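Asker: What follows is a structure written as structure tokens; I'll ask about it next.
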Amino acid sequence: MKYRSMGALACLLLAVPAVAQAQPAGEVRAAVQAATPQLQAWRRDLHQHPELGGEERRTADIVARQLRALGLQPRTGIAGTGVAAVLKGGRPGPKILIRADMDALPVREETGLPYASQVTASYRGQQVGVMHACGHDAHVAILLGVAQALAARRDSLPGGVMFVFQPAEEGPAVAGADFGAKLMLDEGLLRDFQPDAAFGLHVWAGLQVGQIGYKAGPLLASADEWSLTVTGKQTHGSRPWDGVDPITVGAQVLLGTQSMIARQINIAQTPVVLTAGQFNSGVRFNIIPDQATLVGTLRTFDPKVREDVIARFDRIATDYAHAAGASAVLKVINNAPATINDPALSAKVRPSLEKVAGADKVVEMPLQTIAEDFSQFANRVPGFYFLVGSTGVGIDPAQAPANHSPRFLLDEAALANGMAAMLQVTTDYLEAGAAR
């Protein structure tokens, strides 16, 4: 992939029309243009040295050092490797939280980039490659750039800003541990700082570079990890009538859940996805085992629908098992609630996005069945989460390697675009709040 030159990036930014506003668009463009070489350097360094969830020690150290260089006093070690710092403006105004996630994925990189990751690590008992296949390296660079720009004008800045660099958005390397946002909140992240709003972004292969995607209301699904343990009675495979086959029961339950979604849930009103990713049982071809375990994910957009689906799932499992003389235990762990953009906040933020990208490049997104634990912050205060196009010009986003692919390829113009969008959103919000 060919990367834009610094001059081309500057031309792209300078081409954005100036609009009268509390924080002049020209000031945002100037800050982004000055930061662009550093954004690229940060991102490439982090990309070459990715770290799994909960293990982002090198990344956290880089972040903390950069924040100290800006005159901030970062808190480190939150939720293990999380970092947060508060910038106090010189004028009265609202408080906001801006978040970036830091962790990489257990994916072996296949991009061929000169700074591609060669890192390997142990992940849940397996040796894996490690790659920033979701773009969190870009998120860290963008938020550092925003922190740098806001710190440079702290005396005239209204209100306060908490910069949050979160571990384990993709989940911890250790099974069963909490995801990063919940852990940070549980450990008192907001004990001494109560934001009025929270903002986050994600680079997105499904959008062309230069585009920004958003949606008022539900945007991303909740993510539940479920496990179903079916207990039967072991017997010889040639004499199934002497035992109780948990594999057959597990298969019946799984098919029953799909019928439940197709016939009992109003999916015209709100989508529901229930998927099994693992079905484990037995050790030998001619032995019916005692137990079978299914593991999977549930994605919903409405908390009430989520509760209803889980209750129906549990009833289906119990009834099928009872009919066969087996037993079934369903466990559900919520890794992330649905990401729901506050409608009033969304209406306020869209003009800021249009100032940076142009009205024709701000795209209203359909519901996305992926999940994000930024929702943990957005459940505490009004939140707004948006997507920054990362697929280069000349490449069809529908055909581009998606986030989480070993060939996920970020056009680095997304770094400048993401910083400009977040900087415009936050400064406009702070200035508007100060004026009120």
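We name chains A, B, ... following the order of the structure tokens; residues begin at 1 in each chain, and ligands are numbered from 1 as shown.
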I'd like the contact shell of stretch 299-305 of chain A - 12 Å cut-off, only C-alpha atoms, skipping same-chain residues fewer than 6 positions apart - returned as a VMD selection string.

Answerer: chain A and resid 217 to 226 261 264 to 267 269 to 276 311 to 312 332 to 341 367 to 372 375

Asker: Would you pick out the contacts of stretch 57-61 of chain A at 9 Å or less, using only C-alpha atoms, so that residues sharing its chain but fewer than 2 positions from it are not included, and give the list as a list in words?

Answerer: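 Residues meeting the cut-off are Leu46, His49, Pro50, Glu51, Gly54, Glu55, Val63, Ala64, Arg65, Gln66, Thr76, Gly77, Gly80, Thr81, Gly82, Val83, Met102, Asp103, Val140, Phe165 and Pro167 of chain A.
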
Asker: Quick one: DSSP helix (DSSP H, G or I) residues in stretch 18-164 of chain A, as JSON, numbers by chain?

Answerer: {"A": [25, 26, 27, 28, 29, 30, 31, 32, 33, 34, 35, 36, 37, 38, 39, 40, 41, 42, 43, 44, 45, 46, 47, 48, 57, 58, 59, 60, 61, 62, 63, 64, 65, 66, 67, 68, 69, 136, 137, 138, 139, 140, 141, 142, 143, 144, 145, 146, 147, 148, 149, 150, 151, 152, 154, 155, 156]}

Asker: Nearest to A:Ala216 among A:Gly389, A:Pro343, A:Pro94, A:Gly53, with distances taken over only C-alpha atoms: which residue is it?

Answerer: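 Selected residue with least distance to A:Ala216: A:Pro343.
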
Asker: Report, in Å with one decimal, the straight-line distance from atom CA of A:Ala79 to atom CA of A:Ile62.

Answerer: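 Calculated distance between atom CA of A:Ala79 and atom CA of A:Ile62 is 17.0 Å.
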
Asker: When you draw a straight line from atom CA of A:Gly71 to atom CA of A:Met419, how long is it in Å?

Answerer: 20.2 Å

Asker: So which residues touch A:Val164 within 7 Å, counting only C-alpha atoms, skipping near sequence neighbours fewer than 2 positions away, as a list in words?

Answerer: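 In the requested format, the answer is Val83, Ala84, Ala85, Ile98, Arg99, Ala100, Met162 and Gln166 of chain A.
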
Asker: Using only C-alpha atoms, pick whichever of A:Asp101, A:Asp373, A:Asp290, A:Asp308 has the shortest atom-to-atom distance to A:Pro246.

Answerer: A:Asp290

Asker: I need the residues of stretch 204-419 of chain A that end up classed as strand (DSSP E) by DSSP on the backbone, written out as number ranges by chain.

Answerer: A: 204-208, 212-214, 217-220, 222-231, 235-236, 272-281, 287-288, 291-300, 327-336, 339-341, 362-364, 383-391
